[in-house]
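Below: target38.txt (compact mmCIF, N, CA and C atoms)
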# COMPACT_ATOMS: atom_id res chain seq x y z
N LYS H 1 -48.46 -13.82 87.30
CA LYS H 1 -49.36 -12.91 86.63
C LYS H 1 -49.82 -11.80 87.57
N ALA H 2 -50.13 -12.12 88.79
CA ALA H 2 -50.59 -11.11 89.74
C ALA H 2 -49.51 -10.09 90.03
N VAL H 3 -48.26 -10.55 90.09
CA VAL H 3 -47.15 -9.63 90.35
C VAL H 3 -46.99 -8.66 89.19
N VAL H 4 -47.06 -9.16 87.96
CA VAL H 4 -46.93 -8.31 86.78
C VAL H 4 -48.06 -7.28 86.76
N SER H 5 -49.28 -7.72 87.04
CA SER H 5 -50.41 -6.79 87.05
C SER H 5 -50.23 -5.72 88.10
N THR H 6 -49.81 -6.11 89.29
CA THR H 6 -49.61 -5.15 90.38
C THR H 6 -48.48 -4.18 90.07
N GLN H 7 -47.40 -4.68 89.49
CA GLN H 7 -46.26 -3.83 89.19
C GLN H 7 -46.52 -2.88 88.04
N SER H 8 -47.40 -3.24 87.13
CA SER H 8 -47.62 -2.38 85.97
C SER H 8 -48.80 -1.43 86.14
N THR H 9 -49.84 -1.83 86.85
CA THR H 9 -51.01 -0.96 86.94
C THR H 9 -50.78 0.25 87.83
N GLY H 10 -49.89 0.17 88.77
CA GLY H 10 -49.61 1.32 89.62
C GLY H 10 -49.10 2.53 88.86
N TRP H 11 -48.49 2.28 87.73
CA TRP H 11 -47.92 3.37 86.94
C TRP H 11 -48.99 4.17 86.21
N SER H 12 -50.20 3.66 86.17
CA SER H 12 -51.25 4.44 85.53
C SER H 12 -51.55 5.70 86.33
N TYR H 13 -51.15 5.74 87.60
CA TYR H 13 -51.33 6.94 88.40
C TYR H 13 -50.36 8.05 88.01
N SER H 14 -49.43 7.76 87.13
CA SER H 14 -48.52 8.80 86.66
C SER H 14 -49.25 9.81 85.78
N GLN H 15 -50.48 9.49 85.37
CA GLN H 15 -51.22 10.39 84.48
C GLN H 15 -51.54 11.73 85.12
N LEU H 16 -51.88 11.76 86.39
CA LEU H 16 -52.30 13.02 87.01
C LEU H 16 -51.20 14.08 86.98
N PRO H 17 -49.98 13.80 87.45
CA PRO H 17 -48.96 14.86 87.35
C PRO H 17 -48.61 15.21 85.91
N ILE H 18 -48.68 14.23 85.01
CA ILE H 18 -48.39 14.52 83.60
C ILE H 18 -49.47 15.43 83.03
N PHE H 19 -50.74 15.16 83.36
CA PHE H 19 -51.83 16.02 82.90
C PHE H 19 -51.63 17.45 83.41
N MET H 20 -51.28 17.60 84.67
CA MET H 20 -51.10 18.94 85.23
C MET H 20 -49.94 19.67 84.54
N LEU H 21 -48.86 18.97 84.31
CA LEU H 21 -47.70 19.57 83.65
C LEU H 21 -48.02 19.95 82.21
N VAL H 22 -48.67 19.06 81.49
CA VAL H 22 -48.99 19.32 80.08
C VAL H 22 -50.00 20.46 79.95
N LEU H 23 -51.02 20.48 80.79
CA LEU H 23 -52.03 21.53 80.68
C LEU H 23 -51.46 22.90 81.00
N THR H 24 -50.56 22.99 81.97
CA THR H 24 -49.94 24.29 82.25
C THR H 24 -48.93 24.67 81.17
N THR H 25 -48.26 23.70 80.58
CA THR H 25 -47.31 23.98 79.50
C THR H 25 -48.03 24.45 78.24
N THR H 26 -49.21 23.94 78.00
CA THR H 26 -49.97 24.31 76.80
C THR H 26 -50.26 25.81 76.79
N ASP H 27 -50.52 26.40 77.95
CA ASP H 27 -50.77 27.83 78.03
C ASP H 27 -49.57 28.64 77.55
N THR H 28 -48.38 28.11 77.76
CA THR H 28 -47.16 28.83 77.39
C THR H 28 -46.77 28.60 75.93
N VAL H 29 -46.77 27.35 75.50
CA VAL H 29 -46.24 27.03 74.16
C VAL H 29 -47.32 26.91 73.09
N ARG H 30 -48.58 26.97 73.50
CA ARG H 30 -49.74 26.81 72.61
C ARG H 30 -49.87 25.39 72.11
N TYR H 31 -50.61 25.20 71.05
CA TYR H 31 -51.03 23.85 70.71
C TYR H 31 -50.06 23.06 69.84
N ARG H 32 -49.34 23.71 68.95
CA ARG H 32 -48.53 22.96 67.97
C ARG H 32 -47.47 22.06 68.62
N PRO H 33 -46.65 22.57 69.54
CA PRO H 33 -45.69 21.66 70.19
C PRO H 33 -46.37 20.54 70.98
N MET H 34 -47.57 20.80 71.46
CA MET H 34 -48.31 19.77 72.19
C MET H 34 -48.74 18.64 71.25
N ILE H 35 -49.07 18.99 70.02
CA ILE H 35 -49.40 17.96 69.03
C ILE H 35 -48.18 17.09 68.76
N TRP H 36 -47.03 17.72 68.59
CA TRP H 36 -45.80 16.97 68.33
C TRP H 36 -45.45 16.09 69.53
N PHE H 37 -45.51 16.68 70.72
CA PHE H 37 -45.15 15.95 71.93
C PHE H 37 -46.10 14.78 72.16
N GLY H 38 -47.39 15.01 71.92
CA GLY H 38 -48.37 13.93 72.06
C GLY H 38 -48.14 12.82 71.05
N ALA H 39 -47.85 13.19 69.81
CA ALA H 39 -47.57 12.18 68.79
C ALA H 39 -46.32 11.38 69.14
N LEU H 40 -45.30 12.06 69.67
CA LEU H 40 -44.10 11.35 70.12
C LEU H 40 -44.43 10.39 71.25
N GLY H 41 -45.33 10.82 72.15
CA GLY H 41 -45.76 9.94 73.24
C GLY H 41 -46.43 8.69 72.71
N TYR H 42 -47.29 8.85 71.70
CA TYR H 42 -47.96 7.68 71.12
C TYR H 42 -46.99 6.78 70.36
N VAL H 43 -46.04 7.37 69.63
CA VAL H 43 -45.04 6.56 68.93
C VAL H 43 -44.22 5.76 69.94
N ALA H 44 -43.80 6.43 71.02
CA ALA H 44 -43.02 5.74 72.05
C ALA H 44 -43.86 4.63 72.70
N THR H 45 -45.15 4.89 72.88
CA THR H 45 -46.03 3.88 73.46
C THR H 45 -46.06 2.62 72.59
N TRP H 46 -46.27 2.79 71.30
CA TRP H 46 -46.37 1.62 70.43
C TRP H 46 -45.00 0.97 70.19
N LEU H 47 -43.93 1.74 70.23
CA LEU H 47 -42.60 1.12 70.16
C LEU H 47 -42.38 0.20 71.36
N LEU H 48 -42.79 0.68 72.54
CA LEU H 48 -42.63 -0.14 73.74
C LEU H 48 -43.59 -1.33 73.73
N LEU H 49 -44.79 -1.15 73.20
CA LEU H 49 -45.73 -2.28 73.11
C LEU H 49 -45.21 -3.37 72.18
N VAL H 50 -44.61 -2.95 71.07
CA VAL H 50 -44.15 -3.91 70.07
C VAL H 50 -42.83 -4.56 70.50
N PHE H 51 -41.91 -3.75 71.00
CA PHE H 51 -40.57 -4.27 71.26
C PHE H 51 -40.25 -4.46 72.74
N GLY H 52 -41.09 -3.97 73.62
CA GLY H 52 -40.83 -4.10 75.06
C GLY H 52 -41.07 -5.51 75.56
N THR H 53 -40.21 -5.93 76.48
CA THR H 53 -40.33 -7.30 77.01
C THR H 53 -40.32 -7.35 78.53
N THR H 54 -39.97 -6.26 79.19
CA THR H 54 -39.85 -6.30 80.65
C THR H 54 -40.97 -5.50 81.30
N VAL H 55 -41.13 -5.72 82.59
CA VAL H 55 -42.13 -4.98 83.35
C VAL H 55 -41.78 -3.49 83.37
N LYS H 56 -40.52 -3.17 83.52
CA LYS H 56 -40.08 -1.76 83.53
C LYS H 56 -40.44 -1.07 82.21
N GLN H 57 -40.29 -1.77 81.11
CA GLN H 57 -40.64 -1.19 79.81
C GLN H 57 -42.15 -0.98 79.71
N MET H 58 -42.94 -1.87 80.28
CA MET H 58 -44.39 -1.69 80.27
C MET H 58 -44.80 -0.54 81.19
N GLN H 59 -44.08 -0.34 82.28
CA GLN H 59 -44.34 0.81 83.15
C GLN H 59 -44.01 2.11 82.41
N LEU H 60 -42.90 2.12 81.70
CA LEU H 60 -42.54 3.28 80.88
C LEU H 60 -43.57 3.50 79.78
N MET H 61 -44.11 2.42 79.22
CA MET H 61 -45.14 2.52 78.19
C MET H 61 -46.37 3.24 78.75
N GLN H 62 -46.73 2.96 79.99
CA GLN H 62 -47.88 3.63 80.57
C GLN H 62 -47.62 5.13 80.75
N VAL H 63 -46.39 5.48 81.07
CA VAL H 63 -46.04 6.90 81.20
C VAL H 63 -46.09 7.58 79.83
N THR H 64 -45.57 6.93 78.80
CA THR H 64 -45.60 7.55 77.46
C THR H 64 -47.04 7.65 76.94
N TYR H 65 -47.87 6.67 77.28
CA TYR H 65 -49.28 6.75 76.89
C TYR H 65 -49.97 7.90 77.63
N ALA H 66 -49.61 8.10 78.88
CA ALA H 66 -50.16 9.22 79.64
C ALA H 66 -49.75 10.55 79.01
N ILE H 67 -48.54 10.63 78.51
CA ILE H 67 -48.09 11.85 77.82
C ILE H 67 -48.92 12.07 76.56
N GLY H 68 -49.12 11.03 75.79
CA GLY H 68 -49.92 11.15 74.56
C GLY H 68 -51.34 11.58 74.85
N THR H 69 -51.99 10.95 75.81
CA THR H 69 -53.38 11.30 76.10
C THR H 69 -53.49 12.68 76.74
N ALA H 70 -52.54 13.04 77.57
CA ALA H 70 -52.56 14.37 78.19
C ALA H 70 -52.42 15.46 77.13
N CYS H 71 -51.55 15.24 76.18
CA CYS H 71 -51.38 16.22 75.10
C CYS H 71 -52.62 16.30 74.23
N GLU H 72 -53.29 15.17 74.03
CA GLU H 72 -54.52 15.16 73.25
C GLU H 72 -55.61 15.95 73.96
N VAL H 73 -55.73 15.78 75.26
CA VAL H 73 -56.72 16.53 76.05
C VAL H 73 -56.37 18.01 76.04
N ALA H 74 -55.08 18.33 76.18
CA ALA H 74 -54.67 19.73 76.18
C ALA H 74 -54.97 20.39 74.84
N TYR H 75 -54.71 19.67 73.75
CA TYR H 75 -55.00 20.23 72.43
C TYR H 75 -56.49 20.46 72.25
N LYS H 76 -57.30 19.49 72.64
CA LYS H 76 -58.75 19.66 72.52
C LYS H 76 -59.25 20.80 73.40
N SER H 77 -58.69 20.94 74.58
CA SER H 77 -59.07 22.05 75.45
C SER H 77 -58.72 23.39 74.82
N TYR H 78 -57.55 23.44 74.21
CA TYR H 78 -57.13 24.68 73.55
C TYR H 78 -58.03 25.02 72.37
N VAL H 79 -58.49 24.01 71.65
CA VAL H 79 -59.39 24.24 70.53
C VAL H 79 -60.65 24.95 71.02
N PHE H 80 -61.18 24.51 72.15
CA PHE H 80 -62.40 25.11 72.67
C PHE H 80 -62.18 26.53 73.16
N VAL H 81 -60.98 26.84 73.60
CA VAL H 81 -60.67 28.21 74.02
C VAL H 81 -60.52 29.12 72.81
N ALA H 82 -60.05 28.57 71.71
CA ALA H 82 -59.74 29.37 70.52
C ALA H 82 -60.96 29.72 69.67
N VAL H 83 -62.10 29.08 69.89
CA VAL H 83 -63.27 29.36 69.06
C VAL H 83 -64.23 30.30 69.77
N THR H 84 -65.07 30.94 68.99
CA THR H 84 -66.08 31.84 69.56
C THR H 84 -67.24 31.02 70.13
N LYS H 85 -68.08 31.69 70.90
CA LYS H 85 -69.23 31.00 71.50
C LYS H 85 -70.19 30.49 70.44
N GLU H 86 -70.30 31.20 69.34
CA GLU H 86 -71.19 30.78 68.26
C GLU H 86 -70.70 29.50 67.58
N GLU H 87 -69.39 29.33 67.50
CA GLU H 87 -68.79 28.17 66.85
C GLU H 87 -68.61 26.99 67.79
N TYR H 88 -68.83 27.19 69.07
CA TYR H 88 -68.52 26.17 70.07
C TYR H 88 -69.26 24.86 69.82
N SER H 89 -70.56 24.92 69.57
CA SER H 89 -71.32 23.69 69.39
C SER H 89 -70.92 22.98 68.09
N THR H 90 -70.63 23.72 67.06
CA THR H 90 -70.21 23.11 65.80
C THR H 90 -68.84 22.44 65.95
N VAL H 91 -67.91 23.15 66.58
CA VAL H 91 -66.57 22.59 66.78
C VAL H 91 -66.66 21.37 67.70
N SER H 92 -67.48 21.45 68.72
CA SER H 92 -67.65 20.32 69.63
C SER H 92 -68.18 19.10 68.89
N LEU H 93 -69.15 19.33 68.02
CA LEU H 93 -69.73 18.24 67.23
C LEU H 93 -68.68 17.60 66.33
N TYR H 94 -67.94 18.41 65.59
CA TYR H 94 -66.93 17.88 64.67
C TYR H 94 -65.79 17.18 65.40
N LEU H 95 -65.35 17.77 66.50
CA LEU H 95 -64.24 17.19 67.25
C LEU H 95 -64.63 15.85 67.86
N ALA H 96 -65.77 15.79 68.51
CA ALA H 96 -66.22 14.53 69.11
C ALA H 96 -66.57 13.51 68.03
N GLY H 97 -67.24 13.97 66.99
CA GLY H 97 -67.63 13.06 65.92
C GLY H 97 -66.44 12.45 65.20
N SER H 98 -65.45 13.27 64.88
CA SER H 98 -64.28 12.74 64.18
C SER H 98 -63.48 11.79 65.06
N THR H 99 -63.38 12.10 66.34
CA THR H 99 -62.67 11.21 67.26
C THR H 99 -63.38 9.87 67.39
N LEU H 100 -64.68 9.92 67.62
CA LEU H 100 -65.45 8.68 67.76
C LEU H 100 -65.48 7.87 66.47
N PHE H 101 -65.61 8.56 65.34
CA PHE H 101 -65.63 7.86 64.06
C PHE H 101 -64.30 7.17 63.80
N GLY H 102 -63.20 7.87 64.03
CA GLY H 102 -61.87 7.28 63.80
C GLY H 102 -61.61 6.09 64.70
N ARG H 103 -61.97 6.20 65.96
CA ARG H 103 -61.76 5.08 66.87
C ARG H 103 -62.68 3.91 66.54
N SER H 104 -63.90 4.21 66.15
CA SER H 104 -64.83 3.13 65.78
C SER H 104 -64.34 2.39 64.54
N MET H 105 -63.89 3.14 63.54
CA MET H 105 -63.42 2.50 62.31
C MET H 105 -62.15 1.67 62.56
N SER H 106 -61.25 2.17 63.40
CA SER H 106 -60.04 1.39 63.68
C SER H 106 -60.38 0.14 64.47
N SER H 107 -61.33 0.24 65.38
CA SER H 107 -61.76 -0.95 66.13
C SER H 107 -62.43 -1.96 65.21
N PHE H 108 -63.30 -1.47 64.35
CA PHE H 108 -63.99 -2.35 63.40
C PHE H 108 -63.00 -3.03 62.47
N ALA H 109 -62.07 -2.25 61.92
CA ALA H 109 -61.08 -2.81 61.00
C ALA H 109 -60.18 -3.83 61.69
N SER H 110 -59.76 -3.53 62.91
CA SER H 110 -58.89 -4.48 63.61
C SER H 110 -59.64 -5.76 63.96
N GLN H 111 -60.92 -5.63 64.31
CA GLN H 111 -61.70 -6.84 64.61
C GLN H 111 -61.86 -7.71 63.36
N ILE H 112 -62.14 -7.08 62.24
CA ILE H 112 -62.27 -7.82 60.97
C ILE H 112 -60.93 -8.48 60.61
N LEU H 113 -59.84 -7.71 60.71
CA LEU H 113 -58.53 -8.26 60.37
C LEU H 113 -58.15 -9.42 61.28
N HIS H 114 -58.47 -9.30 62.56
CA HIS H 114 -58.11 -10.36 63.50
C HIS H 114 -58.98 -11.61 63.29
N ASP H 115 -60.27 -11.42 63.13
CA ASP H 115 -61.19 -12.55 63.05
C ASP H 115 -61.19 -13.25 61.69
N TYR H 116 -61.12 -12.48 60.62
CA TYR H 116 -61.32 -13.07 59.29
C TYR H 116 -60.05 -13.18 58.45
N VAL H 117 -59.08 -12.32 58.71
CA VAL H 117 -57.84 -12.37 57.94
C VAL H 117 -56.74 -13.06 58.75
N ASP H 118 -57.04 -13.33 60.02
CA ASP H 118 -56.13 -14.03 60.93
C ASP H 118 -54.83 -13.26 61.16
N ILE H 119 -54.97 -11.96 61.41
CA ILE H 119 -53.82 -11.14 61.76
C ILE H 119 -53.69 -11.15 63.28
N SER H 120 -52.48 -11.34 63.76
CA SER H 120 -52.26 -11.42 65.21
C SER H 120 -52.32 -10.03 65.84
N PHE H 121 -52.41 -10.02 67.15
CA PHE H 121 -52.43 -8.75 67.87
C PHE H 121 -51.10 -8.01 67.70
N LEU H 122 -50.01 -8.74 67.61
CA LEU H 122 -48.71 -8.10 67.38
C LEU H 122 -48.70 -7.39 66.03
N GLN H 123 -49.24 -8.04 65.02
CA GLN H 123 -49.31 -7.40 63.70
C GLN H 123 -50.23 -6.17 63.73
N LEU H 124 -51.30 -6.23 64.50
CA LEU H 124 -52.16 -5.05 64.65
C LEU H 124 -51.41 -3.92 65.36
N ASN H 125 -50.55 -4.29 66.30
CA ASN H 125 -49.73 -3.25 66.95
C ASN H 125 -48.72 -2.65 65.99
N TYR H 126 -48.21 -3.46 65.06
CA TYR H 126 -47.34 -2.90 64.02
C TYR H 126 -48.10 -1.88 63.16
N ILE H 127 -49.34 -2.20 62.84
CA ILE H 127 -50.16 -1.28 62.05
C ILE H 127 -50.40 0.01 62.84
N SER H 128 -50.67 -0.14 64.13
CA SER H 128 -50.87 1.05 64.97
C SER H 128 -49.60 1.88 65.07
N LEU H 129 -48.47 1.22 65.19
CA LEU H 129 -47.18 1.93 65.22
C LEU H 129 -46.96 2.70 63.93
N ALA H 130 -47.26 2.08 62.81
CA ALA H 130 -47.11 2.77 61.52
C ALA H 130 -48.08 3.96 61.44
N SER H 131 -49.28 3.79 61.95
CA SER H 131 -50.27 4.87 61.90
C SER H 131 -49.87 6.07 62.74
N VAL H 132 -49.42 5.82 63.97
CA VAL H 132 -49.03 6.95 64.82
C VAL H 132 -47.74 7.59 64.33
N SER H 133 -46.87 6.79 63.69
CA SER H 133 -45.65 7.36 63.11
C SER H 133 -45.99 8.26 61.92
N LEU H 134 -46.93 7.83 61.12
CA LEU H 134 -47.39 8.67 60.00
C LEU H 134 -48.03 9.95 60.52
N ALA H 135 -48.82 9.84 61.57
CA ALA H 135 -49.45 11.03 62.16
C ALA H 135 -48.39 12.02 62.67
N LEU H 136 -47.33 11.48 63.27
CA LEU H 136 -46.23 12.35 63.73
C LEU H 136 -45.58 13.05 62.55
N LEU H 137 -45.32 12.32 61.47
CA LEU H 137 -44.70 12.93 60.29
C LEU H 137 -45.59 14.01 59.69
N LEU H 138 -46.90 13.76 59.66
CA LEU H 138 -47.83 14.76 59.13
C LEU H 138 -47.92 15.98 60.03
N ALA H 139 -47.75 15.79 61.33
CA ALA H 139 -47.81 16.91 62.26
C ALA H 139 -46.59 17.81 62.17
N LEU H 140 -45.47 17.23 61.74
CA LEU H 140 -44.25 18.03 61.62
C LEU H 140 -44.39 18.91 60.41

What is this file in structure tokens?
Amino acid sequence: KAVVSTQSTGWSYSQLPIFMLVLTTTDTVRYRPMIWFGALGYVATWLLLVFGTTVKQMQLMQVTYAIGTACEVAYKSYVFVAVTKEEYSTVSLYLAGSTLFGRSMSSFASQILHDYVDISFLQLNYISLASVSLALLLAL
């Protein structure tokens, strides 16, 4: 167990170069391709979580998750650049509120499904995979 933890957690440091690359790319291509690329990162993450069995696949999963989160940060940063100063507080409120609400509801629903409906964590990952895949289709 210690070897697996050591071999997989080191890959979380891949986020910094990915963040730098994504943030500089966002200036060139704007936000729409970043939404697609981020959604692809999340789909790849959940595909690897559901079907991955090796340490290398879990390391790759951390890289794809870093891509997804970096694109999400880049998109949110671009939103703040695109609005006027008067709209900044309103946009900030809606963006943070919708993100927190969505994450809270998914956490609440998964806890209820796991505790009371007896759905396994693997089945919850299937639901997450379906959700991020739907989000990718809607973004296209």

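The protein and nucleic acid residues lying at most 5 Å from region 23-39 of chain H are Ile67, Gly68 and Cys71 of chain H, with all atoms listed in the file considered and sequence neighbours fewer than 5 positions away removed.
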
Note to self: If I take CA of Leu95 (chain H) and atom N of Tyr78 (chain H), how far is one from the other in Å, to one decimal?
What the structure shows: 11.5 Å

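We find CA of Val73 (chain H) and atom C of Ser133 (chain H) to be spaced 19.6 Å apart.
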
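From atom C of Phe108 (chain H) back to atom C of Met61 (chain H), the distance works out to 24.1 Å.
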
Edge lengths and centre in Å to one decimal, as JSON, is what I'm after for the box along x, y and z that holds all listed atoms of region 30-40 of chain H once 6 Å is added on each side.
{"center_x": -47.6, "center_y": 18.7, "center_z": 70.7, "size_x": 18.9, "size_y": 28.6, "size_z": 17.5}

Check: When distances are computed from all atoms listed in the file, which of H:Ser110, H:Gln15, H:Ser120, H:Ser131 shows the smallest separation from Tyr65 (chain H)?
Finding: H:Gln15

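Remark: for Ala44 (chain H), the closest of the candidate residues H:Leu124, H:Thr64, H:Lys56, H:Leu137 is H:Thr64 (distances computed over only N, CA and C atoms).
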
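Distances from H:Leu138, H:Phe19, H:Gln123, H:Thr54 to Ala70 (chain H) were compared using all atoms listed in the file, and the smallest one belongs to H:Phe19.
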
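Comparing the minimum interatomic distances between Thr69 (chain H) and each of H:Gly41, H:Leu136, H:Gly52, H:Ala109, counting all atoms listed in the file, we find that H:Gly41 sits nearest.
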
Within 5 Å of (-47.3, 1.4, 76.3), only N, CA and C atoms: residues as an mmCIF file with N, CA and C atoms, in the frame of the given file?
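So the final result, stored in out-v3.cif, reads:
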data_model
loop_
_atom_site.group_PDB
_atom_site.id
_atom_site.type_symbol
_atom_site.label_atom_id
_atom_site.label_comp_id
_atom_site.auth_asym_id
_atom_site.auth_seq_id
_atom_site.Cartn_x
_atom_site.Cartn_y
_atom_site.Cartn_z
ATOM 1 N N THR H 45 -45.150 4.890 72.880
ATOM 2 C CA THR H 45 -46.030 3.880 73.460
ATOM 3 C C THR H 45 -46.060 2.620 72.590
ATOM 4 N N LEU H 49 -44.790 -1.150 73.200
ATOM 5 C CA LEU H 49 -45.730 -2.280 73.110
ATOM 6 C C LEU H 49 -45.210 -3.370 72.180
ATOM 7 N N MET H 61 -44.110 2.420 79.220
ATOM 8 C CA MET H 61 -45.140 2.520 78.190
ATOM 9 C C MET H 61 -46.370 3.240 78.750
ATOM 10 N N GLN H 62 -46.730 2.960 79.990
ATOM 11 C CA GLN H 62 -47.880 3.630 80.570
ATOM 12 C C GLN H 62 -47.620 5.130 80.750
#

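Between Leu60 (chain H) and the residues H:Leu40, H:Leu48, H:Val91, H:Ala135, the shortest atom-to-atom distance, using only C-alpha atoms, involves H:Leu48.
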